[in-house]
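Undergrad: Handing over final-v4.tsv, TSV, C-alpha atoms and all ligand atoms.
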chain	number	residue	atom	x	y	z
L	1	MET	CA	0.00	0.00	0.00
L	2	LYS	CA	1.30	3.41	-0.93
L	3	PRO	CA	0.62	6.43	1.23
L	4	TYR	CA	-1.05	9.40	-0.35
L	5	THR	CA	1.44	12.09	-1.19
L	6	THR	CA	-0.70	15.19	-1.09
L	7	ASN	CA	-0.60	16.78	2.32
L	8	PRO	CA	-3.01	19.65	3.00
L	9	HIS	CA	-0.83	20.87	5.89
L	10	PRO	CA	2.80	20.57	4.77
L	11	ALA	CA	4.13	21.52	8.20
L	12	ARG	CA	2.48	18.41	9.59
L	13	PRO	CA	2.83	14.83	8.38
L	14	PRO	CA	-0.16	13.22	6.63
L	15	LEU	CA	-2.91	11.69	8.77
L	16	TYR	CA	-1.81	8.09	8.25
L	17	VAL	CA	1.50	8.92	9.99
L	18	TYR	CA	-0.39	10.14	13.07
L	19	LYS	CA	-2.38	6.89	13.04
L	20	LEU	CA	0.80	4.82	12.78
L	21	VAL	CA	2.44	6.67	15.68
L	22	LYS	CA	-0.66	6.23	17.86
L	23	LEU	CA	-0.93	2.52	17.04
L	24	TRP	CA	2.76	1.75	17.62
L	25	GLN	CA	3.03	3.97	20.68
L	26	LYS	CA	0.38	1.78	22.31
L	27	ARG	CA	1.93	-1.47	21.09
L	28	MET	CA	5.34	-0.42	22.41
L	29	HIS	CA	3.99	0.61	25.83
L	30	LEU	CA	5.01	4.23	25.35
L	31	THR	CA	1.70	5.82	26.28
L	32	HIS	CA	3.31	7.54	29.29
L	33	PHE	CA	4.84	9.93	26.74
L	34	GLY	CA	1.35	11.27	26.12
L	35	GLU	CA	0.57	12.76	22.73
L	36	ILE	CA	3.75	12.69	20.68
L	37	LYS	CA	3.85	15.83	18.54
L	38	LEU	CA	4.56	15.32	14.87
L	39	TYR	CA	6.22	17.78	12.52
L	40	THR	CA	7.90	17.85	9.16
L	41	ARG	CA	11.28	19.39	8.57
L	42	ALA	CA	13.46	20.15	5.57
L	43	PHE	CA	16.53	18.12	6.59
L	44	LYS	CA	19.49	18.95	4.38
L	45	ASP	CA	20.96	15.43	4.52
L	46	GLY	CA	17.89	13.36	3.62
L	47	THR	CA	17.26	12.28	7.23
L	48	ALA	CA	13.99	10.31	7.38
L	49	ALA	CA	13.07	11.39	10.91
L	50	GLU	CA	14.41	12.67	14.20
L	51	THR	CA	13.11	12.19	17.72
L	52	ARG	CA	13.13	14.49	20.73
L	53	TRP	CA	11.80	13.95	24.22
L	54	MET	CA	11.10	16.05	27.25
L	55	LYS	CA	12.69	15.70	30.67
L	56	GLY	CA	10.67	13.24	32.73
L	57	TYR	CA	9.71	11.31	29.55
L	58	LYS	CA	6.14	12.56	29.51
L	59	GLY	CA	6.27	14.24	26.12
L	60	GLY	CA	8.15	14.14	22.89
L	61	SER	CA	8.13	14.86	19.20
L	62	ILE	CA	9.06	13.26	15.92
L	63	HIS	CA	10.23	15.43	13.04
L	64	PHE	CA	9.81	13.72	9.67
L	65	GLY	CA	11.92	14.72	6.71
L	66	MET	CA	9.81	16.49	4.09
L	67	LYS	CA	11.80	14.87	1.30
L	68	PHE	CA	11.32	11.45	2.87
L	69	LEU	CA	7.54	11.78	3.29
L	70	SER	CA	6.98	13.31	-0.14
L	71	ASN	CA	9.09	10.74	-1.98
L	72	PRO	CA	6.58	9.08	-4.37
L	73	THR	CA	8.46	5.76	-4.27
L	74	ILE	CA	8.28	5.42	-0.51
L	75	THR	CA	5.91	2.68	0.70
L	76	TYR	CA	3.54	2.62	3.65
L	77	GLU	CA	5.69	-0.15	5.20
L	78	GLU	CA	8.83	2.00	4.90
L	79	VAL	CA	7.13	4.88	6.69
L	80	GLU	CA	5.84	2.42	9.29
L	81	SER	CA	9.34	1.04	9.89
L	82	ILE	CA	10.64	4.59	10.39
L	83	VAL	CA	7.84	5.26	12.88
L	84	VAL	CA	8.70	2.10	14.84
L	85	HIS	CA	12.42	2.94	14.68
L	86	GLU	CA	11.79	6.46	15.97
L	87	LEU	CA	9.58	5.14	18.77
L	88	CYS	CA	12.46	2.81	19.74
L	89	HIS	CA	14.38	5.97	20.53
L	90	PHE	CA	11.74	6.73	23.14
L	91	LEU	CA	12.42	3.30	24.66
L	92	PHE	CA	16.10	4.23	24.92
L	93	ALA	CA	15.50	7.85	25.95
L	94	GLU	CA	16.31	7.49	29.64
L	95	MET	CA	19.39	5.35	28.93
L	96	ASP	CA	20.56	7.88	26.31
L	97	ASP	CA	20.21	10.71	28.82
L	98	LYS	CA	22.09	8.76	31.52
L	99	PHE	CA	24.89	7.82	29.12
L	100	GLU	CA	25.15	11.40	27.94
L	101	TYR	CA	25.22	12.67	31.52
L	102	TYR	CA	27.83	10.21	32.79
L	103	LEU	CA	29.94	9.83	29.65
L	104	GLY	CA	29.55	13.25	28.08
L	105	VAL	CA	29.11	13.62	24.35
L	106	GLY	CA	32.38	12.18	23.18
L	107	GLU	CA	33.76	9.20	21.35
L	108	VAL	CA	32.29	6.64	23.77
L	109	PHE	CA	28.84	8.20	23.53
L	110	PHE	CA	29.02	8.28	19.73
L	111	GLU	CA	29.98	4.60	19.66
L	112	TYR	CA	27.05	3.83	21.93
L	113	ALA	CA	24.74	5.92	19.71
L	114	LYS	CA	25.90	4.03	16.61
L	115	SER	CA	25.14	0.69	18.28
L	116	ARG	CA	21.78	1.99	19.48
L	117	GLU	CA	20.82	2.93	15.90
L	118	GLY	CA	21.41	-0.67	14.85
L	119	MET	CA	19.45	-1.91	17.86
L	120	CYS	CA	16.51	0.34	16.94
L	121	ASP	CA	16.54	-1.07	13.40
L	122	THR	CA	16.63	-4.64	14.70
L	123	ILE	CA	13.88	-4.06	17.26
L	124	ALA	CA	11.72	-2.34	14.62
L	125	THR	CA	12.19	-5.26	12.22
L	126	ILE	CA	11.32	-7.83	14.92
L	127	LEU	CA	8.26	-5.91	16.11
L	128	MET	CA	6.90	-5.33	12.61
L	129	ALA	CA	7.37	-9.02	11.72
L	130	ARG	CA	5.63	-10.05	14.93
L	131	TYR	CA	2.57	-7.89	14.30
L	132	LYS	CA	2.45	-8.82	10.60
L	133	ARG	CA	2.23	-12.49	11.57
L	134	ALA	CA	-0.45	-11.77	14.16
L	135	LYS	CA	-2.78	-10.09	11.57
D	201	ZN	ZN	17.54	6.33	14.87
Rewrite the structure from the file as structure tokens, please.
Ligand SMILES: [Zn+2]
TA:
Amino acid sequence: MKPYTTNPHPARPPLYVYKLVKLWQKRMHLTHFGEIKLYTRAFKDGTAAETRWMKGYKGGSIHFGMKFLSNPTITYEEVESIVVHELCHFLFAEMDDKFEYYLGVGEVFFEYAKSREGMCDTIATILMARYKRAK
């Protein structure tokens, strides 16, 4: 299934992205973050999405790359996997903050962050496969 590419409010992602975030936020037990705010952004490097969270982990936002969302070849499943990947960052949020606090943002932190990216991809793949099978 392909997502629709016309977005009446270009500063916000299309409605199906909101629905995906809501669905996966519940599945991933991240409802304590409350309503995750969604935005689009003109990333210069083709970034698909970026996640931010508030202190106390009761709020956060996902910024989706405008180029990524408006790419006509992108599939619904690709957007879904980005959503699940970004929500994985919320799972790691507290650990990220603790690592950053105790290690500082240096080489060790960057190595951790690189590993965490791979972990988010793996977790997203496993979760999506699990729910696909359950349908
Ligand atoms: Zn990531």
Undergrad: Write out as a PyMOL selection string which residues come within 7 Å of Met66 of chain L when counting all atoms listed in the file, dropping same-chain ones fewer than 5 positions away.
TA: chain L and resi 40-42
Undergrad: Could you turn the residues from that selection into a file that holds C-alpha atoms, as a compact mmCIF listing (two decimals), in the coordinates of the input?
TA:
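And here's result02.txt as it stands now:
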# COMPACT_ATOMS: atom_id res chain seq x y z
CA THR L 40 7.90 17.85 9.16
CA ARG L 41 11.28 19.39 8.57
CA ALA L 42 13.46 20.15 5.57
Undergrad: Determine the nearest neighbour of ligand ZN 201 (chain D) from the options L:Tyr76, L:Phe99, L:Ile62, L:Ala129, counting all atoms listed in the file.
TA: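 That would be L:Ile62, the residue with the smallest distance to ligand ZN 201 (chain D).
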Undergrad: Residues of segment 77-129 of chain L within 8 Å of segment 22-39 of chain L: nearest atom pair and distance (Å, one decimal) for each, counting only C-alpha atoms, sorted by chain and number, as CSV?
TA:
residue,atom,partner,partner_atom,distance
L:Val83,CA,L:Trp24,CA,7.8
L:Val84,CA,L:Trp24,CA,6.6
L:Leu87,CA,L:Gln25,CA,6.9
L:Phe90,CA,L:Leu30,CA,7.5
L:Leu91,CA,L:Leu30,CA,7.5
Undergrad: For the contact check between chain L and ligand ZN 201 (chain D), emit one row per residue of chain L within 9 Å, containing the shortest atom pair and the distance in Å rounded to one decimal, counting all atoms listed in the file, chain then rising number order, as a tab-separated table.
TA:
residue	atom	partner	partner_atom	distance
L:Ala49	CA	D:ZN201	ZN	7.8
L:Glu50	CA	D:ZN201	ZN	7.1
L:Thr51	CA	D:ZN201	ZN	7.9
L:Ile82	CA	D:ZN201	ZN	8.4
L:His85	CA	D:ZN201	ZN	6.1
L:Glu86	CA	D:ZN201	ZN	5.9
L:Leu87	CA	D:ZN201	ZN	8.9
L:Cys88	CA	D:ZN201	ZN	7.9
L:His89	CA	D:ZN201	ZN	6.5
L:Ala113	CA	D:ZN201	ZN	8.7
L:Lys114	CA	D:ZN201	ZN	8.8
L:Arg116	CA	D:ZN201	ZN	7.6
L:Glu117	CA	D:ZN201	ZN	4.8
L:Gly118	CA	D:ZN201	ZN	8.0
L:Met119	CA	D:ZN201	ZN	9.0
L:Cys120	CA	D:ZN201	ZN	6.4
L:Asp121	CA	D:ZN201	ZN	7.6
Undergrad: So the first atom is atom CA of Thr47 of chain L and the second is atom CA of Leu69 of chain L; what is the distance between them in Å, to one decimal place?
TA: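 Spanning atom CA of Thr47 of chain L to atom CA of Leu69 of chain L is a straight-line distance of 10.5 Å.
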Undergrad: Which value, in Å to one decimal, gives the distance between atom CA of Ile74 of chain L and atom CA of Ser61 of chain L?
TA: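 Value for the atom CA of Ile74 of chain L-atom CA of Ser61 of chain L distance: 21.9 Å.
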Undergrad: Using atom CA of Ala124 of chain L and atom CA of Ser81 of chain L as the two end points, give the distance in Å to one decimal.
TA: 6.3 Å
Undergrad: With distances taken over only C-alpha atoms, which of L:Val21, L:Leu127, L:Ala93, L:Val105 is nearest to Gly56 of chain L?
TA: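 Checking each candidate against Gly56 of chain L, we get L:Ala93 as the closest.
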Undergrad: With distances taken over all atoms listed in the file, which of L:Phe109, L:Ser70, L:Lys58, L:Gly65 is nearest to Lys44 of chain L?
TA: L:Gly65
Undergrad: Which residue, L:Glu100, L:Asp45, L:Glu77, L:Glu111, has the smallest gap to Lys132 of chain L when you use all atoms listed in the file?
TA: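 Of the candidates, the smallest distance to Lys132 of chain L is held by L:Glu77.
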Undergrad: With distances taken over only C-alpha atoms, which residue among L:Pro13, L:Asn71, L:Arg133, L:Met95 lies nearest Gly46 of chain L?
TA: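 Distance minimum relative to Gly46 of chain L lands on L:Asn71.
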